[in-house]
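Raw start_33.txt, compact mmCIF, C-alpha atoms:
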# COMPACT_ATOMS: atom_id res chain seq x y z
CA HIS A 1 -53.09 38.09 123.11
CA SER A 2 -51.18 41.18 124.24
CA ASN A 3 -48.47 40.54 121.62
CA HIS A 4 -51.11 40.20 118.98
CA LYS A 5 -52.53 43.67 119.86
CA ARG A 6 -49.07 45.20 119.66
CA ILE A 7 -48.52 43.69 116.22
CA ILE A 8 -51.87 45.06 114.98
CA LYS A 9 -51.14 48.48 116.50
CA ARG A 10 -47.67 48.58 114.91
CA THR A 11 -49.10 47.51 111.54
CA LYS A 12 -51.67 50.31 111.69
CA SER A 13 -48.94 52.78 112.63
CA LEU A 14 -46.76 51.69 109.73
CA SER A 15 -49.75 51.84 107.38
CA THR A 16 -50.64 55.34 108.55
CA THR A 17 -47.06 56.53 108.13
CA ALA A 18 -46.84 55.09 104.63
CA MET A 19 -50.12 56.70 103.71
CA LYS A 20 -48.92 60.09 104.99
CA LYS A 21 -45.71 59.76 102.96
CA SER A 22 -47.71 58.83 99.86
CA LEU A 23 -50.01 61.80 100.31
CA LEU A 24 -47.04 64.08 100.87
CA TRP A 25 -45.35 62.79 97.71
CA VAL A 26 -48.54 63.29 95.66
CA ALA A 27 -48.91 66.81 97.04
CA CYS A 28 -45.32 67.67 96.14
CA VAL A 29 -45.68 66.35 92.60
CA SER A 30 -48.95 68.25 92.15
CA LEU A 31 -47.38 71.42 93.47
CA MET A 32 -44.42 71.02 91.10
CA MET A 33 -46.72 70.45 88.13
CA ALA A 34 -48.85 73.44 89.04
CA SER A 35 -45.74 75.54 89.50
CA CYS A 36 -44.38 74.46 86.12
CA LYS A 37 -47.70 75.13 84.48
CA LYS A 38 -47.93 78.52 86.14
CA GLU A 39 -44.36 79.29 85.16
CA ASN A 40 -45.04 78.29 81.57
CA GLU A 41 -48.16 80.42 81.48
CA LEU A 42 -46.27 83.44 82.80
CA ILE A 43 -43.53 82.99 80.24
CA GLU A 44 -46.10 82.75 77.45
CA VAL A 45 -47.87 85.93 78.55
CA LYS A 46 -44.71 87.96 79.02
CA ILE A 47 -43.14 87.21 75.63
CA PRO A 48 -43.89 90.32 73.49
CA ASP A 49 -44.00 90.57 69.75
CA PRO A 50 -40.66 92.33 69.36
CA GLU A 51 -41.23 93.42 65.76
CA VAL A 52 -44.54 95.20 66.38
CA GLU A 53 -43.44 96.62 69.72
CA THR A 54 -40.22 98.01 68.29
CA LYS A 55 -41.99 99.71 65.40
CA ILE A 56 -44.55 101.36 67.62
CA SER A 57 -42.09 102.46 70.28
CA ALA A 58 -39.55 103.75 67.75
CA LEU A 59 -41.76 105.84 65.47
CA GLY A 60 -45.26 105.65 66.91
CA ASN A 61 -48.45 104.04 65.69
CA PRO A 62 -50.22 105.65 62.69
CA ALA A 63 -53.56 104.57 64.19
CA ASP A 64 -52.96 106.95 67.10
CA VAL A 65 -52.90 110.00 64.84
CA LYS A 66 -56.30 111.71 65.13
CA VAL A 67 -57.74 115.02 63.97
CA THR A 68 -58.87 117.60 66.51
CA GLU A 69 -62.04 116.41 68.22
CA GLY A 70 -65.18 117.21 66.26
CA GLY A 71 -63.47 117.26 62.88
CA ILE A 72 -65.51 115.94 59.97
CA PHE A 73 -62.64 114.81 57.76
CA GLN A 74 -60.76 112.06 59.58
CA MET A 75 -57.33 110.50 59.26
CA ARG A 76 -57.77 107.24 57.38
CA GLY A 77 -54.76 105.43 58.80
CA LEU A 78 -52.03 103.48 57.03
CA LYS A 79 -51.96 99.81 55.97
CA TYR A 80 -48.32 99.57 57.09
CA ALA A 81 -45.95 100.78 59.80
CA TYR A 82 -43.99 103.96 59.18
CA ASP A 83 -40.77 102.08 58.47
CA ASP A 84 -42.28 99.25 56.40
CA LEU A 85 -41.44 101.03 53.14
CA GLU A 86 -37.71 101.12 53.86
CA PRO A 87 -35.23 101.33 52.24
CA HIS A 88 -37.24 103.09 49.52
CA ILE A 89 -38.89 105.60 51.86
CA ASP A 90 -37.44 105.90 55.35
CA GLY A 91 -39.59 105.57 58.44
CA ARG A 92 -38.81 108.98 59.90
CA THR A 93 -39.93 110.68 56.69
CA MET A 94 -43.18 108.68 56.66
CA GLU A 95 -43.85 109.49 60.32
CA ILE A 96 -43.36 113.24 59.82
CA HIS A 97 -45.25 113.18 56.52
CA TYR A 98 -48.31 111.44 57.93
CA SER A 99 -48.51 112.62 61.53
CA LYS A 100 -47.44 116.24 60.94
CA HIS A 101 -48.03 117.41 57.36
CA HIS A 102 -51.09 115.31 56.50
CA LEU A 103 -52.65 115.84 59.92
CA GLY A 104 -52.11 119.58 59.52
CA TYR A 105 -54.07 119.64 56.25
CA ALA A 106 -56.90 117.62 57.81
CA ASN A 107 -57.21 119.89 60.85
CA LYS A 108 -57.07 123.08 58.77
CA LEU A 109 -59.69 121.73 56.35
CA ASN A 110 -62.00 120.85 59.23
CA LYS A 111 -61.60 124.32 60.67
CA ALA A 112 -62.28 125.95 57.29
CA VAL A 113 -65.57 124.12 56.61
CA ILE A 114 -67.15 124.64 60.04
CA GLY A 115 -70.47 126.47 59.70
CA THR A 116 -70.52 126.25 55.88
CA ASP A 117 -72.43 124.04 53.47
CA LEU A 118 -69.13 122.28 52.74
CA GLU A 119 -69.58 120.37 56.00
CA LEU A 120 -72.11 118.15 54.22
CA LYS A 121 -69.99 117.43 51.14
CA THR A 122 -67.31 114.88 50.36
CA VAL A 123 -63.81 116.17 49.76
CA GLU A 124 -64.16 115.09 46.11
CA ASP A 125 -67.29 117.23 45.69
CA ILE A 126 -65.57 120.16 47.37
CA LEU A 127 -62.67 119.94 44.93
CA LYS A 128 -64.77 119.46 41.79
CA ASN A 129 -66.83 122.56 42.59
CA LEU A 130 -64.00 124.56 44.10
CA ASP A 131 -63.79 128.33 44.14
CA VAL A 132 -60.11 128.49 43.20
CA ASN A 133 -59.83 131.94 44.78
CA ASN A 134 -60.60 130.42 48.19
CA LYS A 135 -57.00 129.52 48.97
CA GLU A 136 -57.77 128.12 52.41
CA ILE A 137 -60.11 125.48 51.01
CA ARG A 138 -58.04 124.99 47.87
CA ASN A 139 -54.80 124.29 49.73
CA ASN A 140 -56.18 122.23 52.59
CA ALA A 141 -58.85 120.22 50.77
CA GLY A 142 -56.24 119.55 48.09
CA GLY A 143 -53.62 118.58 50.66
CA TYR A 144 -56.07 116.28 52.46
CA TYR A 145 -57.26 114.51 49.29
CA ASN A 146 -53.83 114.26 47.68
CA HIS A 147 -52.17 112.72 50.71
CA ASN A 148 -55.00 110.22 51.24
CA LEU A 149 -54.47 108.91 47.72
CA PHE A 150 -50.68 108.94 47.99
CA PHE A 151 -50.59 106.90 51.21
CA GLU A 152 -53.27 104.52 49.93
CA ILE A 153 -51.39 103.46 46.79
CA LEU A 154 -48.19 102.58 48.67
CA ASN A 155 -47.45 99.09 49.93
CA PRO A 156 -44.24 97.43 51.22
CA LYS A 157 -45.11 94.48 48.96
CA GLY A 158 -45.73 96.72 45.97
CA GLY A 159 -43.69 97.29 42.88
CA GLY A 160 -43.69 95.16 39.76
CA THR A 161 -46.05 95.98 36.93
CA PRO A 162 -49.82 96.45 36.61
CA THR A 163 -52.16 93.64 35.62
CA GLY A 164 -55.73 93.31 34.46
CA ALA A 165 -57.71 96.05 32.77
CA LEU A 166 -55.21 98.72 33.79
CA ALA A 167 -52.34 96.88 32.10
CA GLU A 168 -54.34 96.66 28.88
CA ALA A 169 -55.19 100.36 29.02
CA ILE A 170 -51.54 101.28 29.62
CA THR A 171 -50.47 99.27 26.58
CA THR A 172 -53.16 100.97 24.49
CA GLU A 173 -52.39 104.52 25.65
CA PHE A 174 -48.63 104.43 26.22
CA GLY A 175 -47.35 101.42 24.30
CA SER A 176 -45.78 99.80 27.36
CA PHE A 177 -45.43 100.10 31.11
CA ASP A 178 -41.85 101.35 30.69
CA HIS A 179 -43.11 104.27 28.64
CA LEU A 180 -45.75 105.05 31.26
CA GLN A 181 -43.17 104.97 34.04
CA LYS A 182 -40.94 107.34 32.08
CA GLU A 183 -43.80 109.77 31.50
CA ILE A 184 -44.75 109.79 35.18
CA THR A 185 -41.11 110.20 36.22
CA ASP A 186 -40.57 113.03 33.72
CA ALA A 187 -43.72 114.81 34.90
CA ALA A 188 -42.67 114.50 38.54
CA ALA A 189 -39.07 115.51 37.92
CA GLY A 190 -40.14 118.43 35.74
CA GLN A 191 -42.59 119.87 38.25
CA PHE A 192 -40.93 123.10 39.37
CA GLY A 193 -40.91 123.46 43.12
CA SER A 194 -43.53 121.66 45.20
CA GLY A 195 -46.32 119.64 43.64
CA TRP A 196 -47.58 116.30 42.42
CA ALA A 197 -47.44 113.91 39.48
CA TRP A 198 -50.61 112.06 38.51
CA LEU A 199 -52.03 109.18 36.53
CA VAL A 200 -55.58 110.19 35.64
CA VAL A 201 -58.67 108.71 34.01
CA THR A 202 -60.00 111.55 31.88
CA ARG A 203 -63.65 112.30 31.26
CA ASP A 204 -63.57 110.34 28.00
CA GLY A 205 -62.09 107.26 29.69
CA LYS A 206 -58.50 107.71 28.56
CA LEU A 207 -55.40 107.48 30.72
CA ALA A 208 -53.27 110.62 31.04
CA VAL A 209 -50.19 111.73 32.93
CA THR A 210 -50.02 115.22 34.33
CA SER A 211 -48.56 117.30 37.14
CA THR A 212 -49.85 120.09 39.37
CA ALA A 213 -48.28 122.70 41.61
CA ASN A 214 -48.60 122.91 45.37
CA GLN A 215 -51.75 121.03 46.52
CA ASP A 216 -53.73 121.36 43.29
CA ASN A 217 -55.03 118.21 41.64
CA PRO A 218 -56.89 117.05 38.50
CA LEU A 219 -60.31 117.23 40.19
CA MET A 220 -60.12 121.02 40.39
CA PRO A 221 -61.77 123.25 37.74
CA ASN A 222 -58.46 124.98 37.00
CA ALA A 223 -56.54 121.76 36.25
CA GLU A 224 -54.81 121.55 32.87
CA VAL A 225 -55.81 117.88 32.63
CA ARG A 226 -59.08 117.14 34.41
CA GLY A 227 -60.21 113.70 35.48
CA THR A 228 -60.17 111.15 38.28
CA PRO A 229 -56.73 110.58 39.82
CA ILE A 230 -55.81 106.92 40.32
CA LEU A 231 -52.15 107.41 41.25
CA ALA A 232 -50.40 110.31 42.99
CA ILE A 233 -46.70 110.90 43.58
CA ASP A 234 -45.78 113.61 46.06
CA VAL A 235 -42.81 115.74 45.01
CA TRP A 236 -42.89 118.17 47.90
CA GLU A 237 -39.47 117.98 49.54
CA HIS A 238 -40.96 116.80 52.83
CA ALA A 239 -41.83 113.54 51.02
CA TYR A 240 -38.21 112.58 50.44
CA TYR A 241 -35.63 115.11 51.64
CA LEU A 242 -34.35 113.31 54.77
CA ASN A 243 -33.18 110.36 52.70
CA TYR A 244 -32.61 111.79 49.22
CA GLN A 245 -31.93 115.50 49.86
CA ASN A 246 -32.01 117.24 46.45
CA LYS A 247 -31.89 113.96 44.48
CA ARG A 248 -35.51 113.90 43.42
CA ASN A 249 -34.84 111.50 40.55
CA GLU A 250 -33.48 108.87 42.95
CA TYR A 251 -36.64 109.17 45.04
CA LEU A 252 -38.77 108.79 41.91
CA THR A 253 -36.92 105.63 40.92
CA ALA A 254 -37.30 104.19 44.41
CA ILE A 255 -41.00 104.91 44.85
CA PHE A 256 -41.97 102.60 42.00
CA ASN A 257 -40.80 99.74 44.23
CA VAL A 258 -43.64 100.40 46.67
CA ILE A 259 -46.55 101.36 44.40
CA ASP A 260 -49.46 98.96 44.87
CA TRP A 261 -50.70 98.40 41.33
CA ASN A 262 -53.59 96.27 42.58
CA VAL A 263 -55.03 99.33 44.33
CA VAL A 264 -54.38 101.50 41.28
CA ASN A 265 -56.13 98.93 39.08
CA ILE A 266 -59.20 98.93 41.35
CA LYS A 267 -59.30 102.71 41.19
CA TYR A 268 -59.01 102.56 37.41
CA GLU A 269 -61.90 100.11 37.08
CA THR A 270 -64.04 102.18 39.46
CA ALA A 271 -63.36 105.39 37.53
CA ILE A 272 -64.16 103.73 34.20
CA SER A 273 -67.43 102.34 35.57
CA LYS A 274 -68.63 105.86 36.40
CA ILE A 275 -68.10 107.29 32.91
What does this structure look like when you write it as structure tokens?
Amino acid sequence: HSNHKRIIKRTKSLSTTAMKKSLLWVACVSLMMASCKKENELIEVKIPDPEVETKISALGNPADVKVTEGGIFQMRGLKYAYDDLEPHIDGRTMEIHYSKHHLGYANKLNKAVIGTDLELKTVEDILKNLDVNNKEIRNNAGGYYNHNLFFEILNPKGGGTPTGALAEAITTEFGSFDHLQKEITDAAAGQFGSGWAWLVVTRDGKLAVTSTANQDNPLMPNAEVRGTPILAIDVWEHAYYLNYQNKRNEYLTAIFNVIDWNVVNIKYETAISKI
């Protein structure tokens, strides 16, 4: 009877020990799985997007560029990073162009309209009804509008040739896209000093190529060719000098690789619909 008790006691002891070992083994496995899961989660969180991070840290984020607080006319942002247009337009040039020159025009325009009836008008209305002797408004409203259009019609996936209604109009007015490109290039190259080259929808619905000095544009009453601009090419030296120096023609050849003709076509159709 005594031996029987010892056997039962020893069996219970062995059973308890085995159970403890099993529980310990399960706990270890669970801990390892949790640790692996945690480790995997940490790795997933810590992996950055190197492309985006590099672009922002190298040249800054266009979305961070803001006008002075309280300004009516805002920076509209870019659809691309500063260096996305390379090699045609270098990132440093785009960063300076947008965050320094364009921002300067926006801030000066906002300062100039404070306390006037121009505060309630769009920049297009300001330009169409401009007092050309008011150089502060003329230069800064022009600079603000012109740069907005210029940055809007650029795209790293641009280039090629127009399609749709714009393509048909180009064939009608210029004979071919090649002839249009030559006219725009000639107008831009021939603009003495600083200025702009334009593709415009005139008041009678025709397409026309023209150029203007400084920050003037075809919306202004003094423009030689008046109408609605649908494409703008900046030929101020700050638009290209870091990469092209005095080789304006090389810049003009390159910029056609990043013109977004889809945007230009939309602007053409919108302008035609308002005539």
Rounded to one decimal in Å, what is the spacing between atom CA of A:Leu231 and atom CA of A:Lys66? 24.6 Å
In terms of the shortest atom-to-atom distance over all atoms listed in the file, which of A:Ala169, A:Ala81, A:Ile230, A:Leu219 is closest to A:Trp198?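 Comparing A:Ala169, A:Ala81, A:Ile230, A:Leu219 against A:Trp198, the winner is A:Ile230.
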Mind pulling up the distance from atom CA of A:Ile114 to atom CA of A:Asn214? 23.7 Å
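Relative to atom CA of A:Asp216, atom CA of A:Asn148 is found at 13.7 Å.
Omitting A:Leu180 and its sequence neighbours fewer than 5 positions away, and counting only C-alpha atoms, the residues within 10 Å are Ile170, Thr171, Glu173, Phe174, Gly175, Thr185, Asp186, Leu199, Leu207, Ala208 and Val209 of chain A.
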Taking only C-alpha atoms into account, name the residue in A:Glu152, A:Glu86, A:Glu119, A:Glu183 that is nearest to A:Val263. A:Glu152
Just checking: using only C-alpha atoms, which residue out of A:Pro221, A:Gly227, A:Gly205, A:Pro62 ends up closest to A:Val132?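 Among the listed residues, A:Pro221 lies closest to A:Val132.
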Taking all atoms listed in the file into account, produce a table as JSON lines in which each residue of stretch 77-98 of chain A with an atom at most 12 Å from an atom of stretch 133-147 of chain A appears once, together with its shortest atom pair and the distance in Å to one decimal, ordered by chain and rising number.
{"residue": "A:Gly77", "atom": "CA", "partner": "A:His147", "partner_atom": "CA", "distance": 11.2}
{"residue": "A:Leu78", "atom": "CA", "partner": "A:His147", "partner_atom": "CA", "distance": 11.2}
{"residue": "A:Met94", "atom": "CA", "partner": "A:His147", "partner_atom": "CA", "distance": 11.5}
{"residue": "A:His97", "atom": "CA", "partner": "A:His147", "partner_atom": "CA", "distance": 9.0}
{"residue": "A:Tyr98", "atom": "CA", "partner": "A:His147", "partner_atom": "CA", "distance": 8.3}
Might you pull out every residue within 12 Å of A:Arg248, with only C-alpha atoms counted and same-chain residues fewer than 2 positions away left off, and present them as number ranges by chain? A: 185-194, 233-246, 250-255
Got a sec to check which residues sit within 9 Å of (-40.0, 95.2, 42.7), counting all atoms listed in the file, and write them as JSON, numbers by chain? {"A": [157, 158, 159, 160, 161, 256, 257, 258]}
Nearest to A:Leu109 by atom-to-atom distance, counting all atoms listed in the file, from A:Ile72, A:Leu166, A:Leu85, A:Leu130: A:Ile72
With only C-alpha atoms as the counted atoms, please give the residues lying no more than 9 Å from A:Asn262, apart from itself and same-chain residues fewer than 2 positions off, as a PyMOL selection string. chain A and resi 153+158+162-164+259-260+264-267
Under the rule that all atoms listed in the file are counted, which of A:Ala167, A:Ala197, A:Ile272, A:Leu59 is the nearest residue to A:Leu149? A:Ala197
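For the residues A:Asp90, A:Ile184, A:Val123, A:Arg226, ranking by smallest atom-to-atom distance to A:Gln74 using all atoms listed in the file places A:Val123 first.
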